[in-house]
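Working notes, structure below.
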Amino acid sequence: MFRIDDENKIISSEECRAVIVGIQRNRDISYSMEELAGLAEAAGAHVAGRMIQKTEKMNPATLIGAGKVLELAEICENMELDTVIFNEELNGAQIRNLENALGRRVIDRTILILDIFAMRALSKEGRLQVELAQLKYRLPRLTGFGKSLSRLGGGIGTRGPGEKKLETDRRHINKRINDIKKELIHIKTSREAQNSKRKRSRIPVVALVGYTNSGKSALMNRMLEMTEKEEKSVASEDMLFASLDTQHRSIKLKDGKTFILVDTVGFVSELPHMFLDAFKATLEEAVHADLLLQVTDLTCRDQDFHNEVTKKVLEEIGAGHKEKITVYNKADMVSGNEIPVYGSSSVAVSAETGYNMETLMKMIQSRIFADRIDISLLIPYSNGELFSYICEIGTVKTKEYMEEGIRVKAQIPQKDYHRVKEYEII
């Protein structure tokens, strides 16, 4: 487990042993529990046990029944577990009651995800978004947090703003929330200025979206390797929420065309609205994109469910109408005769081996450069601004400096043709 000093810095760590607990009412929660175990491991815990209670009515004091609390306490004692993670969201009183009964740290799915976000956020914006979500979550639960707020108790669920910020009065916390919102608005304004610049330059934007750990970052790295101009690769690991901050890379194709590729934070089921609110500015990259690549893990038996979750989140952020290509990744882990044949809007690829990546690149090109036309121009030297404009909005294939002007062969968007047609030559 992690030990945190007075300045909220990690000073040592050892393995955290946890048990995960779920409530099954009218639906099967086996997948949700598996995902919770994956989230716990991504946060640095070893899941040593699990418990599911089937019930139609939850105990308002402890969520699970009194008998299950005793059983859970015995499990924690016998297996020497230090953390209990609930799949359901807990209120402050439930956290306090359970910690008193179990003598262990108690957290829920929401604070677990927030904890992972606190570890993975690298940019200033990412860290601010995490802190905002944590403060909003913990504010109404201040009276309930016990061991989960202990500076020296450490462990998953305690990273981020820390006890100093969370045990101050509510007025101070609300002030901090307002300050963060103002900082995020400033960052958003800067991003909107960058987006406006991209729109003016007519550079298309393609955004990678999809369930966490579907291989979005690996796909971005493979696409970077395929281009003439290689840019810095992005972090890619086989774990939930391996990357949190939005990444932008310029992809220059062999024919000179360029587009911006954006890697966004992965989605997950049962994502509370506070996450969408906190990370909406980052997710807006998908809203402003010209094309979405919805990445799905081909090897996952729950890929249809993942696609539904992704579709729901995209609709909630206002990107449900966007044109998209569904990319089924990790085809190298499926035998050849098991790889499905998809239509014009879907493709199976492997970011690991490069299988079918050329096909994907051609699909992207056909979508984002479909409205472009080839032209030949003779631009007088007196109109040098027009040549600069063509370089900005289109792709210059050849240029020749003649006595009477610049002879240019280029590809430009159809909508810009009226700006140059008087200089067109055969």
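Just remember, in the structure tokens the first chain shown is A, the second B, etc., residues are 1-based per chain, and ligands are 1-based in the order shown.
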Using only C-alpha atoms, what does the table of stretch 30-129 of chain A residues within 12 Å of stretch 296-303 of chain A look like, with each row giving the shortest atom pair and its distance in Å to one decimal, sorted by chain and ascending number, as CSV?
```
residue,atom,partner,partner_atom,distance
A:Ser30,CA,A:Asp302,CA,11.6
A:Tyr31,CA,A:Asp302,CA,8.4
A:Ser32,CA,A:Asp302,CA,10.9
A:Glu34,CA,A:Asp302,CA,11.5
A:Glu35,CA,A:Asp302,CA,11.1
```
Take the selection from the previous step and output its residues with N, CA and C atoms, as a PDB file, in the first residue's frame.
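Contents of out24.pdb, as written:
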```pdb
ATOM      1  N   SER A  30     -21.623 -10.332 -13.430  1.00  0.00           N
ATOM      2  CA  SER A  30     -20.322 -11.002 -13.532  1.00  0.00           C
ATOM      3  C   SER A  30     -19.322 -10.157 -14.330  1.00  0.00           C
ATOM      4  N   TYR A  31     -19.784  -9.554 -15.446  1.00  0.00           N
ATOM      5  CA  TYR A  31     -18.872  -8.732 -16.240  1.00  0.00           C
ATOM      6  C   TYR A  31     -18.454  -7.492 -15.460  1.00  0.00           C
ATOM      7  N   SER A  32     -19.417  -6.859 -14.797  1.00  0.00           N
ATOM      8  CA  SER A  32     -19.118  -5.661 -14.032  1.00  0.00           C
ATOM      9  C   SER A  32     -18.114  -5.950 -12.925  1.00  0.00           C
ATOM     10  N   GLU A  34     -15.845  -8.401 -13.004  1.00  0.00           N
ATOM     11  CA  GLU A  34     -14.547  -8.628 -13.643  1.00  0.00           C
ATOM     12  C   GLU A  34     -13.876  -7.303 -13.968  1.00  0.00           C
ATOM     13  N   GLU A  35     -14.675  -6.368 -14.439  1.00  0.00           N
ATOM     14  CA  GLU A  35     -14.142  -5.048 -14.763  1.00  0.00           C
ATOM     15  C   GLU A  35     -13.664  -4.342 -13.498  1.00  0.00           C
TER      16      GLU A  35
END
```
Problem - Distance query stretch 340-353 of chain A at most 10 Å, only C-alpha atoms, self and fewer than 4 positions along chain excluded, as a ChimeraX atom specification - result: /A:215-223,293-298,323-334,336,357-360,363
Please, which residues in stretch 306-400 of chain A fall within 12 Å of stretch 256-266 of chain A when counting only C-alpha atoms, and what is the closest atom pair and distance in Å to one decimal for each, ordered by chain then residue number, as JSON lines?
```
{"residue": "A:His306", "atom": "CA", "partner": "A:Gly266", "partner_atom": "CA", "distance": 10.7}
{"residue": "A:Asn307", "atom": "CA", "partner": "A:Gly266", "partner_atom": "CA", "distance": 12.0}
{"residue": "A:Val309", "atom": "CA", "partner": "A:Gly266", "partner_atom": "CA", "distance": 10.8}
{"residue": "A:Thr310", "atom": "CA", "partner": "A:Gly266", "partner_atom": "CA", "distance": 8.9}
{"residue": "A:Val313", "atom": "CA", "partner": "A:Gly266", "partner_atom": "CA", "distance": 10.5}
{"residue": "A:Leu314", "atom": "CA", "partner": "A:Gly266", "partner_atom": "CA", "distance": 11.6}
{"residue": "A:Met361", "atom": "CA", "partner": "A:Phe259", "partner_atom": "CA", "distance": 11.3}
{"residue": "A:Ile364", "atom": "CA", "partner": "A:Phe259", "partner_atom": "CA", "distance": 9.9}
{"residue": "A:Gln365", "atom": "CA", "partner": "A:Lys257", "partner_atom": "CA", "distance": 8.9}
{"residue": "A:Ser366", "atom": "CA", "partner": "A:Lys257", "partner_atom": "CA", "distance": 11.9}
{"residue": "A:Arg367", "atom": "CA", "partner": "A:Phe259", "partner_atom": "CA", "distance": 11.7}
{"residue": "A:Ile368", "atom": "CA", "partner": "A:Phe259", "partner_atom": "CA", "distance": 8.6}
{"residue": "A:Phe369", "atom": "CA", "partner": "A:Lys257", "partner_atom": "CA", "distance": 8.6}
{"residue": "A:Arg372", "atom": "CA", "partner": "A:Lys257", "partner_atom": "CA", "distance": 10.8}
{"residue": "A:Cys391", "atom": "CA", "partner": "A:Lys257", "partner_atom": "CA", "distance": 10.9}
{"residue": "A:Glu392", "atom": "CA", "partner": "A:Thr258", "partner_atom": "CA", "distance": 10.7}
{"residue": "A:Ile393", "atom": "CA", "partner": "A:Lys257", "partner_atom": "CA", "distance": 10.2}
{"residue": "A:Gly394", "atom": "CA", "partner": "A:Lys257", "partner_atom": "CA", "distance": 7.8}
{"residue": "A:Thr395", "atom": "CA", "partner": "A:Lys257", "partner_atom": "CA", "distance": 5.9}
{"residue": "A:Val396", "atom": "CA", "partner": "A:Gly256", "partner_atom": "CA", "distance": 7.8}
{"residue": "A:Lys397", "atom": "CA", "partner": "A:Gly256", "partner_atom": "CA", "distance": 7.6}
{"residue": "A:Thr398", "atom": "CA", "partner": "A:Gly256", "partner_atom": "CA", "distance": 10.9}
```
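The set of residues in stretch 339-419 of chain A assigned to alpha helix (DSSP H) by DSSP, using only backbone atoms of this structure, is Met357, Glu358, Thr359, Leu360, Met361, Lys362, Met363, Ile364, Gln365, Ser366, Arg367, Ile368, Gly384, Glu385, Leu386, Phe387, Ser388, Tyr389, Ile390, Cys391, Glu392 and Ile393 of chain A.
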Any chance you could export the current selection's C-alpha atoms as a short mmCIF file (atom, residue, chain, number, x, y, z; two decimals), in the first residue's frame?
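Output (part.cif):
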```cif
data_model
loop_
_atom_site.label_atom_id
_atom_site.label_comp_id
_atom_site.auth_asym_id
_atom_site.auth_seq_id
_atom_site.Cartn_x
_atom_site.Cartn_y
_atom_site.Cartn_z
CA MET A 357 -3.60 -0.97 -41.43
CA GLU A 358 -3.15 0.13 -45.05
CA THR A 359 -6.85 -0.63 -45.60
CA LEU A 360 -7.75 1.49 -42.59
CA MET A 361 -5.60 4.38 -43.83
CA LYS A 362 -7.30 4.26 -47.24
CA MET A 363 -10.73 4.28 -45.53
CA ILE A 364 -9.72 7.35 -43.53
CA GLN A 365 -8.44 9.13 -46.65
CA SER A 366 -11.62 8.40 -48.58
CA ARG A 367 -13.69 9.96 -45.81
CA ILE A 368 -11.78 13.09 -44.86
CA GLY A 384 1.79 35.59 -53.49
CA GLU A 385 -0.83 35.51 -50.73
CA LEU A 386 -2.94 33.15 -52.83
CA PHE A 387 -0.07 30.69 -53.17
CA SER A 388 0.40 30.76 -49.38
CA TYR A 389 -3.32 30.15 -48.97
CA ILE A 390 -3.21 27.10 -51.26
CA CYS A 391 -0.29 25.68 -49.26
CA GLU A 392 -2.34 26.17 -46.10
CA ILE A 393 -5.64 24.65 -47.18
#
```
